[in-house]
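Text of query-v3.pdb (PDB, C-alpha atoms) as supplied:
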```pdb
ATOM      1  CA  MET T 272      -2.197  98.859   5.485
ATOM      2  CA  THR T 273       1.551  98.308   5.234
ATOM      3  CA  ILE T 274       3.012  96.128   7.977
ATOM      4  CA  SER T 275       5.775  97.946   9.836
ATOM      5  CA  PHE T 276       8.085  96.811  12.615
ATOM      6  CA  GLU T 277       9.467 100.215  13.540
ATOM      7  CA  GLY T 278      10.474 100.108  17.203
ATOM      8  CA  ARG T 279      10.284  96.312  17.320
ATOM      9  CA  VAL T 280      13.155  93.960  18.151
ATOM     10  CA  ALA T 281      13.303  90.531  16.511
ATOM     11  CA  ILE T 282      15.409  87.430  17.058
ATOM     12  CA  VAL T 283      15.674  85.033  14.125
ATOM     13  CA  THR T 284      17.490  81.747  14.719
ATOM     14  CA  GLY T 285      19.276  79.952  11.920
ATOM     15  CA  ALA T 286      19.349  83.259  10.051
ATOM     16  CA  GLY T 287      22.685  82.899   8.266
ATOM     17  CA  ASN T 288      21.243  81.141   5.233
ATOM     18  CA  GLY T 289      18.054  80.206   3.436
ATOM     19  CA  LEU T 290      14.722  80.977   5.048
ATOM     20  CA  GLY T 291      16.219  82.505   8.184
ATOM     21  CA  ARG T 292      18.280  84.935   6.145
ATOM     22  CA  SER T 293      15.211  85.888   4.110
ATOM     23  CA  HIS T 294      13.162  86.401   7.297
ATOM     24  CA  ALA T 295      15.842  88.563   8.914
ATOM     25  CA  LEU T 296      16.325  90.749   5.836
ATOM     26  CA  GLU T 297      12.596  91.383   5.428
ATOM     27  CA  LEU T 298      12.034  92.120   9.117
ATOM     28  CA  ALA T 299      14.883  94.626   8.958
ATOM     29  CA  ARG T 300      13.584  96.147   5.730
ATOM     30  CA  ARG T 301      10.299  96.785   7.521
ATOM     31  CA  GLY T 302      12.033  98.549  10.409
ATOM     32  CA  ALA T 303      12.820  95.837  12.961
ATOM     33  CA  ARG T 304      16.132  95.706  14.778
ATOM     34  CA  VAL T 305      17.282  92.137  14.304
ATOM     35  CA  VAL T 306      19.424  89.634  16.157
ATOM     36  CA  VAL T 307      20.767  87.414  13.393
ATOM     37  CA  ASN T 308      21.444  84.139  15.175
ATOM     38  CA  ASP T 309      23.346  81.372  13.430
ATOM     39  CA  LEU T 310      25.730  78.748  14.737
ATOM     40  CA  GLY T 311      27.227  78.636  11.256
ATOM     41  CA  GLY T 312      27.340  74.870  11.029
ATOM     42  CA  ALA T 313      26.760  72.579   8.079
ATOM     43  CA  ARG T 314      23.335  71.256   7.139
ATOM     44  CA  ASP T 315      23.832  68.279   9.465
ATOM     45  CA  GLY T 316      24.719  70.591  12.356
ATOM     46  CA  SER T 317      28.474  69.969  12.344
ATOM     47  CA  GLY T 318      30.983  72.783  12.562
ATOM     48  CA  GLY T 319      30.329  76.402  13.422
ATOM     49  CA  SER T 320      31.266  79.920  12.433
ATOM     50  CA  LEU T 321      29.795  83.410  12.832
ATOM     51  CA  THR T 322      30.624  84.268   9.224
ATOM     52  CA  ALA T 323      27.160  83.544   7.806
ATOM     53  CA  ALA T 324      25.391  85.628  10.443
ATOM     54  CA  GLU T 325      27.875  88.470  10.078
ATOM     55  CA  THR T 326      27.301  88.518   6.321
ATOM     56  CA  VAL T 327      23.558  88.934   6.837
ATOM     57  CA  VAL T 328      24.153  91.667   9.422
ATOM     58  CA  LYS T 329      26.326  93.527   6.922
ATOM     59  CA  GLU T 330      23.538  93.329   4.327
ATOM     60  CA  ILE T 331      21.090  94.802   6.830
ATOM     61  CA  VAL T 332      23.407  97.555   8.011
ATOM     62  CA  ASP T 333      24.427  98.454   4.455
ATOM     63  CA  ALA T 334      20.731  98.902   3.670
ATOM     64  CA  GLY T 335      20.335 101.301   6.594
ATOM     65  CA  GLY T 336      19.015  98.880   9.195
ATOM     66  CA  GLU T 337      20.155  97.757  12.638
ATOM     67  CA  ALA T 338      21.305  94.224  13.399
ATOM     68  CA  ILE T 339      23.778  92.223  15.452
ATOM     69  CA  ALA T 340      25.193  88.764  14.846
ATOM     70  CA  ASN T 341      24.994  86.045  17.452
ATOM     71  CA  GLY T 342      26.381  82.523  17.369
ATOM     72  CA  ALA T 343      24.445  80.959  20.249
ATOM     73  CA  ASN T 344      23.736  77.260  19.948
ATOM     74  CA  VAL T 345      19.966  76.971  20.444
ATOM     75  CA  THR T 346      20.405  73.629  22.228
ATOM     76  CA  ASP T 347      22.357  75.396  24.999
ATOM     77  CA  TYR T 348      19.952  77.338  27.224
ATOM     78  CA  GLN T 349      22.689  79.405  28.843
ATOM     79  CA  GLN T 350      23.944  80.587  25.453
ATOM     80  CA  VAL T 351      20.373  81.418  24.426
ATOM     81  CA  GLN T 352      19.819  83.402  27.626
ATOM     82  CA  GLU T 353      23.005  85.361  26.950
ATOM     83  CA  MET T 354      21.771  86.127  23.425
ATOM     84  CA  VAL T 355      18.476  87.477  24.765
ATOM     85  CA  THR T 356      20.285  89.473  27.448
ATOM     86  CA  GLU T 357      22.472  91.037  24.760
ATOM     87  CA  ALA T 358      19.414  92.030  22.716
ATOM     88  CA  VAL T 359      17.686  93.610  25.729
ATOM     89  CA  ALA T 360      20.864  95.412  26.809
ATOM     90  CA  ARG T 361      21.203  96.907  23.346
ATOM     91  CA  TRP T 362      17.584  97.645  22.443
ATOM     92  CA  GLY T 363      15.572  97.317  25.644
ATOM     93  CA  ARG T 364      13.075  94.648  24.594
ATOM     94  CA  VAL T 365      12.325  91.583  22.457
ATOM     95  CA  ASP T 366       9.068  91.627  20.506
ATOM     96  CA  ILE T 367       9.461  88.879  17.928
ATOM     97  CA  LEU T 368      11.025  85.427  18.044
ATOM     98  CA  VAL T 369      11.324  83.325  14.914
ATOM     99  CA  ASN T 370      12.377  79.771  15.778
ATOM    100  CA  ASN T 371      13.913  78.780  12.462
ATOM    101  CA  ALA T 372      17.186  76.986  13.309
ATOM    102  CA  GLY T 373      17.326  73.408  12.100
ATOM    103  CA  ILE T 374      19.452  70.533  10.893
ATOM    104  CA  LEU T 375      18.884  67.301   8.997
ATOM    105  CA  ARG T 376      20.145  63.801   9.729
ATOM    106  CA  ASP T 377      17.973  61.827   7.309
ATOM    107  CA  LYS T 378      17.966  58.027   7.519
ATOM    108  CA  SER T 379      15.307  55.351   7.759
ATOM    109  CA  PHE T 380      14.320  54.596  11.340
ATOM    110  CA  ALA T 381      15.981  51.163  11.158
ATOM    111  CA  LYS T 382      19.327  52.722  10.232
ATOM    112  CA  ALA T 383      19.189  55.965  12.211
ATOM    113  CA  PRO T 384      21.622  56.169  15.148
ATOM    114  CA  MET T 385      19.973  57.266  18.379
ATOM    115  CA  ASP T 386      22.502  60.084  18.760
ATOM    116  CA  ASP T 387      21.327  61.535  15.443
ATOM    117  CA  PHE T 388      17.681  61.228  16.477
ATOM    118  CA  LYS T 389      18.335  63.006  19.764
ATOM    119  CA  LEU T 390      20.364  65.771  18.124
ATOM    120  CA  VAL T 391      17.647  66.587  15.576
ATOM    121  CA  VAL T 392      14.986  66.700  18.301
ATOM    122  CA  ASP T 393      17.283  68.828  20.478
ATOM    123  CA  VAL T 394      17.850  71.406  17.733
ATOM    124  CA  HIS T 395      14.308  71.690  16.370
ATOM    125  CA  LEU T 396      12.170  71.058  19.445
ATOM    126  CA  MET T 397      14.347  71.875  22.443
ATOM    127  CA  GLY T 398      15.977  74.728  20.520
ATOM    128  CA  SER T 399      12.522  76.263  20.090
ATOM    129  CA  VAL T 400      11.738  75.607  23.755
ATOM    130  CA  ASN T 401      14.994  77.213  24.915
ATOM    131  CA  CYS T 402      14.572  80.343  22.828
ATOM    132  CA  THR T 403      10.905  80.722  23.721
ATOM    133  CA  LYS T 404      11.575  80.232  27.433
ATOM    134  CA  ALA T 405      14.327  82.863  27.321
ATOM    135  CA  VAL T 406      11.993  85.547  25.927
ATOM    136  CA  TRP T 407       8.738  84.461  27.607
ATOM    137  CA  ASP T 408       8.949  86.532  30.794
ATOM    138  CA  ILE T 409      10.129  89.572  28.846
ATOM    139  CA  MET T 410       7.128  89.341  26.535
ATOM    140  CA  ARG T 411       4.750  88.790  29.457
ATOM    141  CA  GLU T 412       6.053  91.856  31.263
ATOM    142  CA  GLN T 413       5.837  94.084  28.203
ATOM    143  CA  GLN T 414       2.383  92.645  27.358
ATOM    144  CA  TYR T 415       3.421  91.943  23.778
ATOM    145  CA  GLY T 416       5.061  89.149  21.869
ATOM    146  CA  ARG T 417       4.995  87.336  18.562
ATOM    147  CA  ILE T 418       6.500  83.847  18.405
ATOM    148  CA  VAL T 419       6.682  81.551  15.389
ATOM    149  CA  MET T 420       7.611  77.879  15.484
ATOM    150  CA  THR T 421       8.819  76.345  12.240
ATOM    151  CA  THR T 422       6.988  73.083  11.653
ATOM    152  CA  SER T 423       7.027  70.989   8.466
ATOM    153  CA  SER T 424       4.889  68.830   6.230
ATOM    154  CA  SER T 425       7.226  66.017   7.336
ATOM    155  CA  GLY T 426       5.861  66.443  10.852
ATOM    156  CA  LEU T 427       2.261  67.115   9.877
ATOM    157  CA  TYR T 428       1.997  64.303   7.335
ATOM    158  CA  GLY T 429       5.182  62.193   7.485
ATOM    159  CA  ASN T 430       8.124  61.705   5.154
ATOM    160  CA  PHE T 431      10.219  58.581   4.614
ATOM    161  CA  GLY T 432      13.595  58.785   6.318
ATOM    162  CA  GLN T 433      12.671  61.712   8.551
ATOM    163  CA  SER T 434      11.314  60.124  11.727
ATOM    164  CA  ASN T 435      13.592  62.305  13.862
ATOM    165  CA  TYR T 436      12.790  65.514  11.984
ATOM    166  CA  GLY T 437       9.085  64.700  11.736
ATOM    167  CA  ALA T 438       8.796  63.958  15.452
ATOM    168  CA  ALA T 439      10.468  67.263  16.332
ATOM    169  CA  LYS T 440       8.366  69.232  13.867
ATOM    170  CA  THR T 441       5.143  67.810  15.279
ATOM    171  CA  GLY T 442       6.460  68.588  18.749
ATOM    172  CA  VAL T 443       6.579  72.325  18.060
ATOM    173  CA  VAL T 444       2.910  72.221  17.034
ATOM    174  CA  GLY T 445       2.070  70.805  20.447
ATOM    175  CA  LEU T 446       4.198  73.525  22.022
ATOM    176  CA  MET T 447       2.242  76.178  20.118
ATOM    177  CA  ASN T 448      -1.097  74.664  21.094
ATOM    178  CA  THR T 449      -0.398  75.172  24.785
ATOM    179  CA  LEU T 450       1.634  78.392  24.671
ATOM    180  CA  HIS T 451      -1.067  80.222  22.722
ATOM    181  CA  LEU T 452      -3.401  79.539  25.669
ATOM    182  CA  GLU T 453      -0.867  80.618  28.280
ATOM    183  CA  GLY T 454       0.296  83.710  26.420
ATOM    184  CA  GLU T 455      -2.972  85.116  25.111
ATOM    185  CA  LYS T 456      -3.820  87.269  28.138
ATOM    186  CA  TYR T 457      -0.343  88.798  27.997
ATOM    187  CA  GLY T 458      -0.608  89.865  24.381
ATOM    188  CA  ILE T 459       1.607  87.028  23.176
ATOM    189  CA  LYS T 460       0.595  85.284  19.971
ATOM    190  CA  VAL T 461       2.138  81.956  18.994
ATOM    191  CA  ASN T 462       1.885  80.471  15.510
ATOM    192  CA  CYS T 463       3.489  77.839  13.307
ATOM    193  CA  LEU T 464       4.966  78.222   9.831
ATOM    194  CA  SER T 465       5.178  75.137   7.618
ATOM    195  CA  PRO T 466       7.489  76.172   4.767
ATOM    196  CA  THR T 467       8.511  74.708   1.451
ATOM    197  CA  ALA T 468      11.426  76.516  -0.148
ATOM    198  CA  ALA T 469      14.560  75.955  -2.186
ATOM    199  CA  THR T 470      17.282  76.018   0.456
ATOM    200  CA  ARG T 471      20.243  73.836   1.352
ATOM    201  CA  MET T 472      17.809  71.815   3.503
ATOM    202  CA  THR T 473      15.828  70.768   0.411
ATOM    203  CA  GLU T 474      18.428  70.755  -2.350
ATOM    204  CA  ASP T 475      18.716  66.949  -2.366
ATOM    205  CA  ILE T 476      14.983  66.323  -1.971
ATOM    206  CA  ILE T 477      13.752  68.385  -4.939
ATOM    207  CA  PRO T 478      16.056  67.779  -7.930
ATOM    208  CA  ASP T 479      13.927  69.600 -10.548
ATOM    209  CA  GLN T 480      15.495  73.021 -11.111
ATOM    210  CA  ASN T 481      12.287  74.495 -12.514
ATOM    211  CA  ALA T 482      10.470  73.503  -9.342
ATOM    212  CA  LEU T 483      13.263  74.913  -7.201
ATOM    213  CA  ASP T 484      13.048  78.220  -9.051
ATOM    214  CA  LEU T 485       9.405  78.530  -7.964
ATOM    215  CA  LEU T 486      10.161  77.736  -4.322
ATOM    216  CA  THR T 487      11.662  81.062  -3.330
ATOM    217  CA  PRO T 488      12.459  81.774   0.337
ATOM    218  CA  GLU T 489      10.867  85.196  -0.140
ATOM    219  CA  SER T 490       7.456  83.645  -0.846
ATOM    220  CA  VAL T 491       7.636  81.863   2.517
ATOM    221  CA  THR T 492       8.844  84.984   4.305
ATOM    222  CA  ALA T 493       5.687  86.805   3.211
ATOM    223  CA  GLY T 494       3.783  84.294   5.342
ATOM    224  CA  LEU T 495       6.210  84.678   8.231
ATOM    225  CA  ILE T 496       5.741  88.447   8.262
ATOM    226  CA  ALA T 497       1.959  87.980   8.491
ATOM    227  CA  LEU T 498       2.388  85.675  11.510
ATOM    228  CA  VAL T 499       4.439  88.226  13.485
ATOM    229  CA  ALA T 500       2.500  91.381  12.559
ATOM    230  CA  ASP T 501       0.508  93.347  15.151
ATOM    231  CA  ASP T 502      -2.679  91.908  13.616
ATOM    232  CA  ALA T 503      -1.310  88.367  13.441
ATOM    233  CA  PRO T 504      -3.612  85.413  14.064
ATOM    234  CA  ASN T 505      -3.070  83.109  17.044
ATOM    235  CA  ARG T 506      -2.546  79.325  16.971
ATOM    236  CA  PHE T 507      -2.422  79.285  13.167
ATOM    237  CA  ILE T 508      -0.476  76.689  11.177
ATOM    238  CA  LEU T 509       0.368  78.537   7.973
ATOM    239  CA  CYS T 510       1.704  76.434   5.120
ATOM    240  CA  ALA T 511       3.657  78.446   2.559
ATOM    241  CA  GLY T 512       5.614  77.742  -0.603
ATOM    242  CA  ALA T 513       5.946  78.898  -4.225
ATOM    243  CA  GLY T 514       3.303  81.565  -3.636
ATOM    244  CA  GLY T 515       0.797  79.111  -2.202
ATOM    245  CA  TYR T 516      -0.639  79.669   1.283
ATOM    246  CA  ALA T 517      -2.908  77.328   3.251
ATOM    247  CA  LYS T 518      -3.945  76.538   6.808
ATOM    248  CA  ALA T 519      -3.294  73.111   8.311
ATOM    249  CA  ARG T 520      -5.753  72.047  10.992
ATOM    250  CA  ILE T 521      -5.879  69.232  13.506
ATOM    251  CA  VAL T 522      -9.511  68.200  13.532
ATOM    252  CA  GLU T 523     -11.468  65.577  15.430
ATOM    253  CA  THR T 524     -14.485  63.718  14.127
ATOM    254  CA  GLU T 525     -17.720  63.732  16.097
ATOM    255  CA  GLY T 526     -17.235  60.012  16.648
ATOM    256  CA  ILE T 527     -19.660  57.564  18.208
ATOM    257  CA  TYR T 528     -20.847  56.505  21.635
ATOM    258  CA  LEU T 529     -20.820  52.906  22.847
ATOM    259  CA  PRO T 530     -22.810  52.008  25.989
ATOM    260  CA  PRO T 531     -20.836  50.286  28.789
ATOM    261  CA  GLU T 532     -21.776  46.746  27.770
ATOM    262  CA  GLN T 533     -20.549  47.428  24.214
ATOM    263  CA  GLN T 534     -17.264  49.146  25.090
ATOM    264  CA  THR T 535     -14.993  46.414  23.739
ATOM    265  CA  ALA T 536     -12.024  46.462  21.391
ATOM    266  CA  GLU T 537     -14.028  44.361  18.939
ATOM    267  CA  ASN T 538     -16.814  46.949  18.754
ATOM    268  CA  VAL T 539     -14.331  49.805  18.364
ATOM    269  CA  LEU T 540     -12.697  47.971  15.455
ATOM    270  CA  ALA T 541     -16.053  47.152  13.868
ATOM    271  CA  ASN T 542     -17.096  50.814  14.022
ATOM    272  CA  LEU T 543     -13.969  52.455  12.623
ATOM    273  CA  ASP T 544     -15.815  53.766   9.559
ATOM    274  CA  ALA T 545     -18.413  55.485  11.750
ATOM    275  CA  ILE T 546     -15.711  56.779  14.085
ATOM    276  CA  ALA T 547     -13.856  58.263  11.087
ATOM    277  CA  ASP T 548     -16.957  59.845   9.502
ATOM    278  CA  GLU T 549     -15.954  63.429   8.672
ATOM    279  CA  LYS T 550     -19.453  64.861   9.105
ATOM    280  CA  GLY T 551     -19.407  67.264  12.024
ATOM    281  CA  GLN T 552     -15.657  67.120  12.540
ATOM    282  CA  ARG T 553     -14.164  70.245  14.073
ATOM    283  CA  GLU T 554     -11.006  71.876  15.355
ATOM    284  CA  LEU T 555     -10.737  71.719  19.130
ATOM    285  CA  VAL T 556      -8.959  74.433  21.112
ATOM    286  CA  GLY T 557      -7.566  72.936  24.315
ATOM    287  CA  GLY T 558      -7.371  69.288  25.338
ATOM    288  CA  LEU T 559     -10.250  69.597  27.825
ATOM    289  CA  ASN T 560     -12.676  70.178  24.951
ATOM    290  CA  GLN T 561     -12.265  66.565  23.880
ATOM    291  CA  THR T 562     -13.077  65.356  27.383
ATOM    292  CA  VAL T 563     -16.152  67.597  27.534
ATOM    293  CA  LYS T 564     -17.356  66.294  24.172
ATOM    294  CA  PHE T 565     -17.083  62.658  25.241
ATOM    295  CA  ILE T 566     -18.748  63.275  28.621
ATOM    296  CA  GLN T 567     -21.644  65.140  26.987
ATOM    297  CA  LYS T 568     -22.096  62.371  24.424
ATOM    298  CA  ALA T 569     -22.191  59.709  27.133
ATOM    299  CA  ALA T 570     -24.491  61.741  29.387
ATOM    300  CA  ARG T 571     -27.014  62.289  26.591
ATOM    301  CA  ALA T 572     -27.034  58.578  25.733
ATOM    302  CA  MET T 573     -27.479  57.557  29.376
ATOM    303  CA  GLY T 574     -29.911  60.305  30.357
ATOM    304  CA  VAL T 575     -27.527  61.754  32.920
ATOM    305  CA  SER T 576     -27.913  65.425  33.869
ATOM    306  CA  LEU T 577     -24.688  67.454  34.019
ATOM    307  CA  GLY T 578     -23.851  70.695  35.791
ATOM    308  CA  GLY T 579     -26.017  70.289  38.869
TER
END
```

Taking this structure as input, can you express it in the form of C-alpha cells?
Amino acid sequence: MTISFEGRVAIVTGAGNGLGRSHALELARRGARVVVNDLGGARDGSGGSLTAAETVVKEIVDAGGEAIANGANVTDYQQVQEMVTEAVARWGRVDILVNNAGILRDKSFAKAPMDDFKLVVDVHLMGSVNCTKAVWDIMREQQYGRIVMTTSSSGLYGNFGQSNYGAAKTGVVGLMNTLHLEGEKYGIKVNCLSPTAATRMTEDIIPDQNALDLLTPESVTAGLIALVADDAPNRFILCAGAGGYAKARIVETEGIYLPPEQQTAENVLANLDAIADEKGQRELVGGLNQTVKFIQKAARAMGVSLGG
C-alpha cells in the first residue's frame, strides 16, 4: 500500500539543505503540508538566512504542494513555539516532527573549546527537546503524532573528534526511549533515524566521489518516510545509507549473580568474560526491566520468594 500524508502537517528542521531538504520534498510529494524550517547558517552553525528554506518551499509549491518557510533557531524555545503556533494557525494541527537540524564543530576532546561542545549539544539535543516539547501537547490532544530524532553512528559507536556530536546524538536516543513510553497511549510514535548520506555535513569525512555518489539523501529519506507513516514502528533505531537499512539495538547480556560475600570489585573484574557472554542477551524496554532482572536473579540464587 502506498504511504500517503494527505491531510497531515509536518515540520522538518534543518530542511534547507541535504537530508532535511530531501525529507521535506518527499513528505510534500506524498501530500503533507510542510513547515520547512532552516536557520540558514553555515555547517558550523554560524550565520543565518531564510533563503535556503524559501528555495525548498518554492520547489514544493511549484510542484503543486503546500509549504511555508520558517527560520526559527531550534535552540530558542520561544522561536520554536512561535513556529508551531504558525503551523497550527495555518493548517490546524501538527502530525509529524522531523528533528533534523544539526551543526558540526569537530575537534579532538583535548582541543575542543567548551563553548563549541555546548553549542553542538544545544542544537542537536536541546533543539530536538525544544521542538518535541512544542508539539507534544498538540499531538496528545489530537491522539496522533509521529516524531523522529536524528541520531548518528558517531553517537551509537563513536567517532574520533566528535565527542560533542556523539554525546548529543546518543542523548536523542535516550530521549526516544522515554518518550515512546509516555506517548504510546496517545497515539504518538517516536523513533530514531541514523543516516549516512553525501551532504555538506559529510563532504570532508568521505573523500571518495564514487562512495559519495552511492550515499544519496533520497535513500535515507525512504527510511524516514517509513518512520513517520501511519503504520510506523515505535522506538526503532533505523540506520540508513546507500540503499542499506538496518536496526540498531541496545542490548543487555544476561550477566551473572554474585552472592553477598563475593560482591567485590575483584570478583567483578575476574568475571568480565562471563558478564559479557552474549548468550541470552536481549533488548530491554524501560529502565525498570533491568532492576527486575537483577532482583529475580538474586532472589532465585538466595531462595527468596517475591510477590507475596

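The smallest atom-to-atom distance between Ser434 (chain T) and any of T:Gly526, T:Pro531, T:Gly398, T:Pro384, using only C-alpha atoms, is found for T:Pro384.
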
Q: Between T:Tyr415, T:Phe380, T:Tyr457, T:Tyr436, single out the one closest to Val499 (chain T), counting only C-alpha atoms.
A: T:Tyr415

Q | Shell of 12 Å around Gly578 (chain T), all atoms listed in the file, local chain residues under 3 positions omitted, as a PyMOL selection string | A | chain T and resi 563+566-567+570+575

Deliver the residues from the most recent selection as a file, using C-alpha atoms, as a PDB file, in the coordinates of the input.
```
ATOM      1  CA  VAL T 563     -16.152  67.597  27.534  1.00  0.00           C
ATOM      2  CA  ILE T 566     -18.748  63.275  28.621  1.00  0.00           C
ATOM      3  CA  GLN T 567     -21.644  65.140  26.987  1.00  0.00           C
ATOM      4  CA  ALA T 570     -24.491  61.741  29.387  1.00  0.00           C
ATOM      5  CA  VAL T 575     -27.527  61.754  32.920  1.00  0.00           C
TER       6      VAL T 575
END
```

Q: Run through the PyMOL selection byres ((chain T and resi 437) around 9) on the given coordinates and return the selected residues as a ChimeraX atom specification.
A: /T:422-430,433-436,438-442

Residue selection dump (C-alpha atoms) as a tab-separated table (two decimals), in the coordinates of the input:
```tsv
chain	number	residue	atom	x	y	z
T	422	THR	CA	6.99	73.08	11.65
T	423	SER	CA	7.03	70.99	8.47
T	424	SER	CA	4.89	68.83	6.23
T	425	SER	CA	7.23	66.02	7.34
T	426	GLY	CA	5.86	66.44	10.85
T	427	LEU	CA	2.26	67.11	9.88
T	428	TYR	CA	2.00	64.30	7.34
T	429	GLY	CA	5.18	62.19	7.48
T	430	ASN	CA	8.12	61.70	5.15
T	433	GLN	CA	12.67	61.71	8.55
T	434	SER	CA	11.31	60.12	11.73
T	435	ASN	CA	13.59	62.30	13.86
T	436	TYR	CA	12.79	65.51	11.98
T	438	ALA	CA	8.80	63.96	15.45
T	439	ALA	CA	10.47	67.26	16.33
T	440	LYS	CA	8.37	69.23	13.87
T	441	THR	CA	5.14	67.81	15.28
T	442	GLY	CA	6.46	68.59	18.75
```

Q) Residues at most 10 Å from Lys456 (chain T), counting only C-alpha atoms, excluding those fewer than 3 positions away in the same chain, as a VMD selection string? A) chain T and resid 411 414 to 415 451 to 453 459 to 460

Q.
Here is a test: counting only C-alpha atoms, which residue of T:Val443, T:Leu290, T:Leu375, T:Ala503 is nearest to Met397 (chain T)?
A. T:Val443

Q) In file coordinates, which residues lie within 8 Å of (15.6, 80.0, -2.8) using all atoms listed in the file, given as a ChimeraX atom specification? A) /T:289-290,468-470,483-484,486-489

Expand the PyMOL selection byres ((chain T and resi 449) around 10) into the individual residues it matches in the shown file, reporting them as an mmCIF file with C-alpha atoms, keeping the file's coordinate frame.
```cif
data_model
loop_
_atom_site.group_PDB
_atom_site.id
_atom_site.type_symbol
_atom_site.label_atom_id
_atom_site.label_comp_id
_atom_site.auth_asym_id
_atom_site.auth_seq_id
_atom_site.Cartn_x
_atom_site.Cartn_y
_atom_site.Cartn_z
ATOM 1 C CA VAL T 444 2.910 72.221 17.034
ATOM 2 C CA GLY T 445 2.070 70.805 20.447
ATOM 3 C CA LEU T 446 4.198 73.525 22.022
ATOM 4 C CA MET T 447 2.242 76.178 20.118
ATOM 5 C CA ASN T 448 -1.097 74.664 21.094
ATOM 6 C CA LEU T 450 1.634 78.392 24.671
ATOM 7 C CA HIS T 451 -1.067 80.222 22.722
ATOM 8 C CA LEU T 452 -3.401 79.539 25.669
ATOM 9 C CA GLU T 453 -0.867 80.618 28.280
ATOM 10 C CA GLY T 454 0.296 83.710 26.420
ATOM 11 C CA VAL T 461 2.138 81.956 18.994
ATOM 12 C CA ARG T 506 -2.546 79.325 16.971
ATOM 13 C CA VAL T 556 -8.959 74.433 21.112
ATOM 14 C CA GLY T 557 -7.566 72.936 24.315
ATOM 15 C CA GLY T 558 -7.371 69.288 25.338
#
```

Q | Straight-line distance linking CA of Leu529 (chain T) with CA of Arg553 (chain T), stated in Å to one decimal | A |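 Atom-to-atom, CA of Leu529 (chain T) to CA of Arg553 (chain T), that is 20.5 Å.
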
Q | Atomic distance CA of Arg376 (chain T) - CA of Gly512 (chain T), expressed in Å with one decimal | A |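 Interatomic distance, CA of Arg376 (chain T) to CA of Gly512 (chain T): 22.6 Å.
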
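The interatomic distance for the pair CA of Val351 (chain T) and CA of Gly335 (chain T) works out to 26.7 Å.
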
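The nearest approach to Leu485 (chain T) among the residues T:Thr535, T:Asn344, T:Thr421, T:Thr467, with only C-alpha atoms taken into account, belongs to T:Thr467.
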
Q. So what does the PyMOL selection byres ((chain T and resi 275-277) around 10) actually pick up in this one, as an MDAnalysis selection string?
A. chainID T and resid 272:274 278:281 298:304 366:367 496 499:501
